[in-house]
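Student: Enclosed is the structure file input_34.cif (mmCIF, N, CA and C atoms and all ligand atoms).
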```
data_query
loop_
_atom_site.label_atom_id
_atom_site.label_comp_id
_atom_site.auth_asym_id
_atom_site.auth_seq_id
_atom_site.Cartn_x
_atom_site.Cartn_y
_atom_site.Cartn_z
N MET A 1 29.64 19.87 42.80
CA MET A 1 31.04 20.31 42.74
C MET A 1 31.86 19.25 42.01
N LEU A 2 31.82 18.02 42.50
CA LEU A 2 32.56 16.93 41.86
C LEU A 2 31.59 15.77 41.66
N PRO A 3 30.70 15.89 40.71
CA PRO A 3 29.60 14.93 40.58
C PRO A 3 30.05 13.53 40.20
N ALA A 4 31.25 13.40 39.63
CA ALA A 4 31.70 12.08 39.18
C ALA A 4 32.20 11.23 40.34
N MET A 5 32.35 11.85 41.50
CA MET A 5 32.89 11.10 42.62
C MET A 5 31.83 10.20 43.25
N SER A 6 32.25 9.06 43.67
CA SER A 6 31.34 8.18 44.40
C SER A 6 31.24 8.67 45.84
N HIS A 7 30.25 8.14 46.54
CA HIS A 7 30.12 8.50 47.94
C HIS A 7 31.39 8.16 48.71
N ALA A 8 31.92 6.99 48.44
CA ALA A 8 33.10 6.55 49.18
C ALA A 8 34.29 7.45 48.89
N GLN A 9 34.48 7.80 47.61
CA GLN A 9 35.60 8.67 47.26
C GLN A 9 35.48 10.02 47.94
N ARG A 10 34.24 10.54 47.95
CA ARG A 10 34.03 11.84 48.55
C ARG A 10 34.29 11.79 50.06
N SER A 11 33.84 10.72 50.67
CA SER A 11 34.05 10.57 52.10
C SER A 11 35.53 10.54 52.44
N ILE A 12 36.31 9.83 51.62
CA ILE A 12 37.75 9.75 51.86
C ILE A 12 38.41 11.11 51.63
N LEU A 13 38.03 11.76 50.52
CA LEU A 13 38.62 13.06 50.21
C LEU A 13 38.32 14.07 51.30
N PHE A 14 37.07 14.13 51.74
CA PHE A 14 36.71 15.09 52.77
C PHE A 14 37.43 14.76 54.07
N GLY A 15 37.64 13.48 54.31
CA GLY A 15 38.40 13.09 55.49
C GLY A 15 39.82 13.61 55.45
N GLU A 16 40.42 13.59 54.25
CA GLU A 16 41.78 14.10 54.12
C GLU A 16 41.81 15.60 54.29
N VAL A 17 40.79 16.26 53.75
CA VAL A 17 40.70 17.71 53.94
C VAL A 17 40.57 18.04 55.42
N ASN A 18 39.73 17.28 56.10
CA ASN A 18 39.54 17.51 57.54
C ASN A 18 40.83 17.29 58.33
N ASP A 19 41.61 16.31 57.90
CA ASP A 19 42.90 16.09 58.57
C ASP A 19 43.78 17.34 58.46
N ARG A 20 43.73 17.98 57.30
CA ARG A 20 44.51 19.21 57.10
C ARG A 20 43.97 20.33 57.99
N ILE A 21 42.65 20.44 58.01
CA ILE A 21 42.03 21.48 58.83
C ILE A 21 42.44 21.28 60.28
N TYR A 22 42.43 20.03 60.69
CA TYR A 22 42.80 19.73 62.07
C TYR A 22 44.24 20.15 62.35
N GLU A 23 45.15 19.82 61.43
CA GLU A 23 46.56 20.16 61.62
C GLU A 23 46.73 21.67 61.76
N LEU A 24 46.03 22.41 60.90
CA LEU A 24 46.12 23.87 60.95
C LEU A 24 45.59 24.41 62.27
N LEU A 25 44.43 23.94 62.67
CA LEU A 25 43.81 24.40 63.91
C LEU A 25 44.70 24.07 65.10
N ASP A 26 45.19 22.83 65.08
CA ASP A 26 45.96 22.36 66.22
C ASP A 26 47.27 23.13 66.36
N SER A 27 47.84 23.55 65.23
CA SER A 27 49.09 24.29 65.30
C SER A 27 48.85 25.77 65.57
N ALA A 28 47.66 26.27 65.21
CA ALA A 28 47.37 27.68 65.40
C ALA A 28 46.82 27.95 66.80
N ASP A 29 45.67 27.35 67.08
CA ASP A 29 45.04 27.56 68.38
C ASP A 29 44.18 26.35 68.73
N PRO A 30 44.75 25.39 69.44
CA PRO A 30 44.05 24.12 69.72
C PRO A 30 42.76 24.28 70.51
N ASP A 31 42.56 25.43 71.13
CA ASP A 31 41.34 25.61 71.92
C ASP A 31 40.19 26.18 71.09
N LEU A 32 40.52 26.56 69.86
CA LEU A 32 39.51 27.21 69.03
C LEU A 32 38.81 26.17 68.15
N PRO A 33 37.48 26.11 68.22
CA PRO A 33 36.77 25.17 67.35
C PRO A 33 36.90 25.56 65.89
N GLY A 34 36.85 24.57 65.03
CA GLY A 34 36.91 24.84 63.60
C GLY A 34 35.74 24.17 62.89
N GLU A 35 35.59 24.50 61.62
CA GLU A 35 34.51 23.93 60.85
C GLU A 35 35.06 22.83 59.95
N PHE A 36 34.62 21.62 60.21
CA PHE A 36 35.06 20.47 59.44
C PHE A 36 33.98 20.09 58.44
N LEU A 37 34.42 19.45 57.36
CA LEU A 37 33.47 19.01 56.34
C LEU A 37 32.77 17.75 56.82
N CYS A 38 31.48 17.67 56.55
CA CYS A 38 30.75 16.45 56.84
C CYS A 38 31.26 15.34 55.92
N GLU A 39 31.61 14.21 56.51
CA GLU A 39 32.18 13.10 55.73
C GLU A 39 31.15 12.02 55.42
N CYS A 40 29.88 12.39 55.41
CA CYS A 40 28.85 11.37 55.21
C CYS A 40 28.92 10.75 53.82
N GLY A 41 29.57 11.46 52.88
CA GLY A 41 29.71 10.91 51.54
C GLY A 41 28.71 11.50 50.55
N ASP A 42 27.65 12.08 51.06
CA ASP A 42 26.75 12.84 50.20
C ASP A 42 27.40 14.19 49.94
N ASP A 43 26.98 14.81 48.85
CA ASP A 43 27.49 16.15 48.59
C ASP A 43 26.61 17.14 49.35
N CYS A 44 26.58 16.97 50.68
CA CYS A 44 25.62 17.73 51.48
C CYS A 44 26.10 19.14 51.75
N GLY A 45 27.42 19.37 51.67
CA GLY A 45 27.95 20.71 51.88
C GLY A 45 27.84 21.19 53.31
N ARG A 46 27.51 20.29 54.22
CA ARG A 46 27.36 20.70 55.61
C ARG A 46 28.72 20.81 56.28
N ARG A 47 28.75 21.67 57.28
CA ARG A 47 29.95 21.82 58.09
C ARG A 47 29.64 21.37 59.51
N VAL A 48 30.64 20.81 60.15
CA VAL A 48 30.47 20.37 61.53
C VAL A 48 31.48 21.12 62.38
N ARG A 49 30.96 21.82 63.37
CA ARG A 49 31.82 22.63 64.22
C ARG A 49 32.37 21.76 65.35
N LEU A 50 33.68 21.65 65.39
CA LEU A 50 34.33 20.79 66.37
C LEU A 50 35.60 21.44 66.89
N GLU A 51 35.88 21.19 68.15
CA GLU A 51 37.20 21.57 68.65
C GLU A 51 38.20 20.53 68.17
N PRO A 52 39.46 20.95 67.98
CA PRO A 52 40.47 20.00 67.50
C PRO A 52 40.53 18.73 68.34
N ALA A 53 40.38 18.85 69.64
CA ALA A 53 40.45 17.67 70.51
C ALA A 53 39.28 16.73 70.23
N ALA A 54 38.11 17.30 69.94
CA ALA A 54 36.94 16.48 69.64
C ALA A 54 37.13 15.75 68.31
N PHE A 55 37.74 16.44 67.36
CA PHE A 55 38.02 15.80 66.08
C PHE A 55 39.01 14.65 66.26
N ALA A 56 40.06 14.90 67.04
CA ALA A 56 41.06 13.86 67.28
C ALA A 56 40.43 12.66 67.97
N ALA A 57 39.47 12.91 68.86
CA ALA A 57 38.80 11.82 69.57
C ALA A 57 37.99 10.97 68.59
N LEU A 58 37.32 11.65 67.63
CA LEU A 58 36.57 10.93 66.62
C LEU A 58 37.49 10.03 65.80
N ARG A 59 38.61 10.60 65.38
CA ARG A 59 39.56 9.84 64.57
C ARG A 59 40.11 8.64 65.35
N ASN A 60 40.43 8.89 66.61
CA ASN A 60 40.97 7.81 67.43
C ASN A 60 39.95 6.68 67.59
N ALA A 61 38.69 7.05 67.57
CA ALA A 61 37.62 6.06 67.73
C ALA A 61 37.27 5.41 66.40
N GLY A 62 37.92 5.86 65.31
CA GLY A 62 37.61 5.30 64.00
C GLY A 62 36.31 5.82 63.42
N GLU A 63 35.84 6.94 63.96
CA GLU A 63 34.57 7.50 63.49
C GLU A 63 34.85 8.56 62.44
N ILE A 64 33.80 8.85 61.67
CA ILE A 64 33.91 9.93 60.71
C ILE A 64 33.19 11.16 61.23
N VAL A 65 33.54 12.30 60.68
CA VAL A 65 32.84 13.54 61.01
C VAL A 65 31.52 13.54 60.26
N ARG A 66 30.44 13.73 60.98
CA ARG A 66 29.14 13.68 60.33
C ARG A 66 28.22 14.71 60.96
N SER A 67 27.57 15.45 60.12
CA SER A 67 26.58 16.40 60.62
C SER A 67 25.42 15.65 61.25
N PRO A 68 24.86 16.17 62.33
CA PRO A 68 23.68 15.53 62.93
C PRO A 68 22.51 15.46 61.96
N ASP A 69 22.57 16.28 60.91
CA ASP A 69 21.47 16.28 59.93
C ASP A 69 21.64 15.21 58.86
N CYS A 70 22.75 14.51 58.88
CA CYS A 70 23.01 13.49 57.86
C CYS A 70 22.86 12.11 58.50
N HIS A 71 21.93 11.35 58.00
CA HIS A 71 21.61 10.08 58.64
C HIS A 71 21.95 8.89 57.77
N ARG A 72 22.74 9.13 56.77
CA ARG A 72 23.10 8.03 55.87
C ARG A 72 23.82 6.93 56.65
N PRO A 73 23.52 5.68 56.37
CA PRO A 73 24.21 4.60 57.07
C PRO A 73 25.72 4.65 56.83
N LYS A 74 26.42 4.14 57.76
CA LYS A 74 27.88 4.15 57.65
C LYS A 74 28.36 3.26 56.51
N PHE A 75 29.46 3.66 55.94
CA PHE A 75 30.06 2.86 54.89
C PHE A 75 31.04 1.84 55.45
N GLY A 76 31.51 2.10 56.63
CA GLY A 76 32.50 1.20 57.19
C GLY A 76 33.89 1.43 56.66
N LEU A 77 34.10 2.56 56.00
CA LEU A 77 35.42 2.80 55.41
C LEU A 77 36.51 2.92 56.45
N ARG A 78 36.16 3.53 57.53
CA ARG A 78 37.17 3.75 58.55
C ARG A 78 36.96 2.81 59.73
N ARG A 79 36.10 1.85 59.55
CA ARG A 79 35.84 0.92 60.65
C ARG A 79 35.98 -0.50 60.15
N ARG A 80 37.16 -0.95 60.02
CA ARG A 80 37.35 -2.34 59.60
C ARG A 80 38.06 -3.08 60.71
N GLU A 81 37.44 -3.07 61.86
CA GLU A 81 38.04 -3.78 62.98
C GLU A 81 37.76 -5.26 62.84
N PRO A 82 38.79 -6.04 62.90
CA PRO A 82 38.56 -7.48 62.83
C PRO A 82 37.84 -7.99 64.06
N VAL A 83 36.89 -8.87 63.84
CA VAL A 83 36.21 -9.53 64.95
C VAL A 83 36.62 -11.00 64.92
N ASP A 84 37.26 -11.43 65.96
CA ASP A 84 37.80 -12.79 66.00
C ASP A 84 38.71 -13.07 64.80
N GLY A 85 39.47 -12.02 64.44
CA GLY A 85 40.44 -12.18 63.37
C GLY A 85 39.87 -12.12 61.97
N VAL A 86 38.55 -11.96 61.87
CA VAL A 86 37.92 -11.91 60.54
C VAL A 86 37.49 -10.47 60.24
N PRO A 87 38.02 -9.88 59.18
CA PRO A 87 37.61 -8.52 58.86
C PRO A 87 36.12 -8.45 58.55
N VAL A 88 35.47 -7.47 59.12
CA VAL A 88 34.03 -7.33 58.94
C VAL A 88 33.75 -6.10 58.10
N LEU A 89 33.04 -6.27 57.03
CA LEU A 89 32.62 -5.15 56.22
C LEU A 89 31.22 -4.76 56.66
N SER A 90 31.14 -3.67 57.39
CA SER A 90 29.83 -3.28 57.89
C SER A 90 29.08 -2.45 56.87
ZN ZN B 1 26.60 15.12 55.30
#
```
Let me see the structure of the file written as structure tokens.
Tutor:
Amino acid sequence: MLPAMSHAQRSILFGEVNDRIYELLDSADPDLPGEFLCECGDDCGRRVRLEPAAFAALRNAGEIVRSPDCHRPKFGLRRREPVDGVPVLS
């Protein structure tokens, strides 16, 4: 679809799309699960079925949405928690 994108760019873009999906779901029917894009960064095209609350919990935890079928190591894009004041690039 967008072959020129890097894994990191795709992961960020899909994350933004998922944020929109979440907003729509949450405003329409918060109890209804929706299909979010897998943010693994590969062009895997997988969807992850999540309730809006589950998605919000992932975001709050600094996690990305990832299909159980995608095992790519994390990029650390959304996890830059400082350890002892030093940013760690995982
Ligand atoms: Zn994936």
Student: Using only C-alpha atoms and all ligand atoms, which residues of chain A come within 6 Å of ligand ZN 1 (chain B), and what is the closest atom pair for each, with the distance in Å to one decimal? Give it as a tab-separated table, sorted by chain and residue number.
Tutor:
```
residue	atom	partner	partner_atom	distance
A:Cys38	CA	B:ZN1	ZN	4.6
A:Glu39	CA	B:ZN1	ZN	5.9
A:Cys40	CA	B:ZN1	ZN	4.4
A:Asp42	CA	B:ZN1	ZN	5.6
A:Cys44	CA	B:ZN1	ZN	4.7
A:Arg46	CA	B:ZN1	ZN	5.6
A:Arg66	CA	B:ZN1	ZN	5.8
A:Ser67	CA	B:ZN1	ZN	5.5
A:Cys70	CA	B:ZN1	ZN	4.7
```
Student: For N, CA and C atoms, I'd like the residues from the last selection saved as a CSV table (one decimal), keeping the file's coordinate frame.
Tutor:
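File written: selection.csv
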```csv
chain,number,residue,atom,x,y,z
A,38,CYS,N,31.5,17.7,56.6
A,38,CYS,CA,30.8,16.4,56.8
A,38,CYS,C,31.3,15.3,55.9
A,39,GLU,N,31.6,14.2,56.5
A,39,GLU,CA,32.2,13.1,55.7
A,39,GLU,C,31.2,12.0,55.4
A,40,CYS,N,29.9,12.4,55.4
A,40,CYS,CA,28.8,11.4,55.2
A,40,CYS,C,28.9,10.8,53.8
A,42,ASP,N,27.6,12.1,51.1
A,42,ASP,CA,26.8,12.8,50.2
A,42,ASP,C,27.4,14.2,49.9
A,44,CYS,N,26.6,17.0,50.7
A,44,CYS,CA,25.6,17.7,51.5
A,44,CYS,C,26.1,19.1,51.8
A,46,ARG,N,27.5,20.3,54.2
A,46,ARG,CA,27.4,20.7,55.6
A,46,ARG,C,28.7,20.8,56.3
A,66,ARG,N,30.4,13.7,61.0
A,66,ARG,CA,29.1,13.7,60.3
A,66,ARG,C,28.2,14.7,61.0
A,67,SER,N,27.6,15.4,60.1
A,67,SER,CA,26.6,16.4,60.6
A,67,SER,C,25.4,15.6,61.2
A,70,CYS,N,22.8,14.5,58.9
A,70,CYS,CA,23.0,13.5,57.9
A,70,CYS,C,22.9,12.1,58.5
```
Student: Just checking: using all atoms listed in the file, which residue out of A:Asp29, A:Glu23, A:Gly41, A:Asp69 ends up closest to Arg10 of chain A?
Tutor: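 Looking at the shortest contact to Arg10 of chain A, the residue is A:Gly41.
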Student: Rounded to one decimal place, report the atom CA of Leu37 of chain A-atom CA of Ser11 of chain A distance in Å.
Tutor: 9.5 Å
Student: Write out as a list in words the residues lying within 8 Å of Asp19 of chain A, counting only N, CA and C atoms and excluding same-chain residues fewer than 5 positions away.
Tutor: Leu13, Phe14, Leu24, Leu25, Phe36 and Leu37 of chain A
Student: Show which residues sit within 7 Å of segment 51-59 of chain A, as a list in words. Count all atoms listed in the file, and ignore same-chain residues fewer than 5 positions away.
Tutor: Tyr22, Leu25, Asp26, Pro30, Asp31, Leu32, Pro33, Gly34, Ile64 and Val65 of chain A
Student: Using Å and a single decimal, report how far atom C of Ser27 of chain A sits from atom N of Arg49 of chain A.
Tutor: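 It comes out at 18.5 Å.
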Student: One decimal, Å: what's the distance from atom CA of Gln9 of chain A over to atom CA of Gly62 of chain A, could you say?
Tutor: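 Computed distance, atom CA of Gln9 of chain A to atom CA of Gly62 of chain A, equals 17.2 Å.
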Student: Export segment 41-71 of chain A, N, CA and C atoms, as a PDB file, in the first residue's frame; it's the structure right above.
Tutor:
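That gives us result_2.pdb:
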```pdb
ATOM      1  N   GLY A  41       4.260  -2.454  12.606  1.00  0.00           N
ATOM      2  CA  GLY A  41       5.195  -1.767  11.717  1.00  0.00           C
ATOM      3  C   GLY A  41       5.412  -2.506  10.408  1.00  0.00           C
ATOM      4  N   ASP A  42       5.105  -3.781  10.393  1.00  0.00           N
ATOM      5  CA  ASP A  42       5.102  -4.512   9.132  1.00  0.00           C
ATOM      6  C   ASP A  42       3.815  -4.167   8.404  1.00  0.00           C
ATOM      7  N   ASP A  43       3.843  -4.347   7.096  1.00  0.00           N
ATOM      8  CA  ASP A  43       2.615  -4.124   6.342  1.00  0.00           C
ATOM      9  C   ASP A  43       1.799  -5.406   6.388  1.00  0.00           C
ATOM     10  N   CYS A  44       1.453  -5.822   7.611  1.00  0.00           N
ATOM     11  CA  CYS A  44       0.848  -7.141   7.785  1.00  0.00           C
ATOM     12  C   CYS A  44      -0.636  -7.129   7.457  1.00  0.00           C
ATOM     13  N   GLY A  45      -1.275  -5.946   7.527  1.00  0.00           N
ATOM     14  CA  GLY A  45      -2.681  -5.852   7.190  1.00  0.00           C
ATOM     15  C   GLY A  45      -3.594  -6.527   8.190  1.00  0.00           C
ATOM     16  N   ARG A  46      -3.046  -6.906   9.335  1.00  0.00           N
ATOM     17  CA  ARG A  46      -3.873  -7.586  10.326  1.00  0.00           C
ATOM     18  C   ARG A  46      -4.703  -6.584  11.112  1.00  0.00           C
ATOM     19  N   ARG A  47      -5.830  -7.077  11.592  1.00  0.00           N
ATOM     20  CA  ARG A  47      -6.693  -6.273  12.443  1.00  0.00           C
ATOM     21  C   ARG A  47      -6.732  -6.907  13.825  1.00  0.00           C
ATOM     22  N   VAL A  48      -6.851  -6.066  14.827  1.00  0.00           N
ATOM     23  CA  VAL A  48      -6.934  -6.550  16.191  1.00  0.00           C
ATOM     24  C   VAL A  48      -8.257  -6.082  16.776  1.00  0.00           C
ATOM     25  N   ARG A  49      -9.042  -7.039  17.215  1.00  0.00           N
ATOM     26  CA  ARG A  49     -10.357  -6.724  17.742  1.00  0.00           C
ATOM     27  C   ARG A  49     -10.245  -6.371  19.227  1.00  0.00           C
ATOM     28  N   LEU A  50     -10.625  -5.159  19.551  1.00  0.00           N
ATOM     29  CA  LEU A  50     -10.491  -4.670  20.920  1.00  0.00           C
ATOM     30  C   LEU A  50     -11.699  -3.828  21.301  1.00  0.00           C
ATOM     31  N   GLU A  51     -12.061  -3.914  22.559  1.00  0.00           N
ATOM     32  CA  GLU A  51     -13.041  -2.960  23.066  1.00  0.00           C
ATOM     33  C   GLU A  51     -12.324  -1.639  23.308  1.00  0.00           C
ATOM     34  N   PRO A  52     -13.064  -0.528  23.180  1.00  0.00           N
ATOM     35  CA  PRO A  52     -12.431   0.783  23.381  1.00  0.00           C
ATOM     36  C   PRO A  52     -11.681   0.875  24.705  1.00  0.00           C
ATOM     37  N   ALA A  53     -12.230   0.295  25.755  1.00  0.00           N
ATOM     38  CA  ALA A  53     -11.567   0.360  27.068  1.00  0.00           C
ATOM     39  C   ALA A  53     -10.238  -0.393  27.040  1.00  0.00           C
ATOM     40  N   ALA A  54     -10.201  -1.505  26.310  1.00  0.00           N
ATOM     41  CA  ALA A  54      -8.969  -2.286  26.215  1.00  0.00           C
ATOM     42  C   ALA A  54      -7.915  -1.509  25.430  1.00  0.00           C
ATOM     43  N   PHE A  55      -8.363  -0.813  24.401  1.00  0.00           N
ATOM     44  CA  PHE A  55      -7.430   0.009  23.632  1.00  0.00           C
ATOM     45  C   PHE A  55      -6.873   1.136  24.495  1.00  0.00           C
ATOM     46  N   ALA A  56      -7.756   1.786  25.248  1.00  0.00           N
ATOM     47  CA  ALA A  56      -7.317   2.875  26.122  1.00  0.00           C
ATOM     48  C   ALA A  56      -6.319   2.370  27.154  1.00  0.00           C
ATOM     49  N   ALA A  57      -6.533   1.145  27.644  1.00  0.00           N
ATOM     50  CA  ALA A  57      -5.622   0.566  28.634  1.00  0.00           C
ATOM     51  C   ALA A  57      -4.243   0.337  28.022  1.00  0.00           C
ATOM     52  N   LEU A  58      -4.223  -0.134  26.759  1.00  0.00           N
ATOM     53  CA  LEU A  58      -2.951  -0.320  26.070  1.00  0.00           C
ATOM     54  C   LEU A  58      -2.208   1.002  25.940  1.00  0.00           C
ATOM     55  N   ARG A  59      -2.931   2.024  25.518  1.00  0.00           N
ATOM     56  CA  ARG A  59      -2.321   3.344  25.340  1.00  0.00           C
ATOM     57  C   ARG A  59      -1.785   3.885  26.665  1.00  0.00           C
ATOM     58  N   ASN A  60      -2.580   3.711  27.705  1.00  0.00           N
ATOM     59  CA  ASN A  60      -2.160   4.207  29.013  1.00  0.00           C
ATOM     60  C   ASN A  60      -0.899   3.497  29.484  1.00  0.00           C
ATOM     61  N   ALA A  61      -0.753   2.251  29.068  1.00  0.00           N
ATOM     62  CA  ALA A  61       0.414   1.466  29.471  1.00  0.00           C
ATOM     63  C   ALA A  61       1.596   1.720  28.549  1.00  0.00           C
ATOM     64  N   GLY A  62       1.388   2.557  27.515  1.00  0.00           N
ATOM     65  CA  GLY A  62       2.473   2.833  26.579  1.00  0.00           C
ATOM     66  C   GLY A  62       2.709   1.703  25.596  1.00  0.00           C
ATOM     67  N   GLU A  63       1.718   0.824  25.462  1.00  0.00           N
ATOM     68  CA  GLU A  63       1.861  -0.319  24.565  1.00  0.00           C
ATOM     69  C   GLU A  63       1.255   0.013  23.209  1.00  0.00           C
ATOM     70  N   ILE A  64       1.676  -0.768  22.216  1.00  0.00           N
ATOM     71  CA  ILE A  64       1.079  -0.617  20.907  1.00  0.00           C
ATOM     72  C   ILE A  64       0.086  -1.747  20.669  1.00  0.00           C
ATOM     73  N   VAL A  65      -0.813  -1.519  19.723  1.00  0.00           N
ATOM     74  CA  VAL A  65      -1.741  -2.566  19.318  1.00  0.00           C
ATOM     75  C   VAL A  65      -0.987  -3.534  18.419  1.00  0.00           C
ATOM     76  N   ARG A  66      -1.042  -4.805  18.761  1.00  0.00           N
ATOM     77  CA  ARG A  66      -0.287  -5.774  17.985  1.00  0.00           C
ATOM     78  C   ARG A  66      -1.074  -7.067  17.889  1.00  0.00           C
ATOM     79  N   SER A  67      -1.158  -7.573  16.698  1.00  0.00           N
ATOM     80  CA  SER A  67      -1.809  -8.862  16.513  1.00  0.00           C
ATOM     81  C   SER A  67      -0.988  -9.952  17.192  1.00  0.00           C
ATOM     82  N   PRO A  68      -1.642 -10.931  17.795  1.00  0.00           N
ATOM     83  CA  PRO A  68      -0.900 -12.055  18.399  1.00  0.00           C
ATOM     84  C   PRO A  68      -0.060 -12.798  17.367  1.00  0.00           C
ATOM     85  N   ASP A  69      -0.378 -12.607  16.088  1.00  0.00           N
ATOM     86  CA  ASP A  69       0.381 -13.295  15.037  1.00  0.00           C
ATOM     87  C   ASP A  69       1.634 -12.540  14.629  1.00  0.00           C
ATOM     88  N   CYS A  70       1.831 -11.359  15.176  1.00  0.00           N
ATOM     89  CA  CYS A  70       2.996 -10.553  14.808  1.00  0.00           C
ATOM     90  C   CYS A  70       3.986 -10.564  15.963  1.00  0.00           C
ATOM     91  N   HIS A  71       5.154 -11.072  15.704  1.00  0.00           N
ATOM     92  CA  HIS A  71       6.112 -11.258  16.795  1.00  0.00           C
ATOM     93  C   HIS A  71       7.339 -10.385  16.644  1.00  0.00           C
TER      94      HIS A  71
END
```
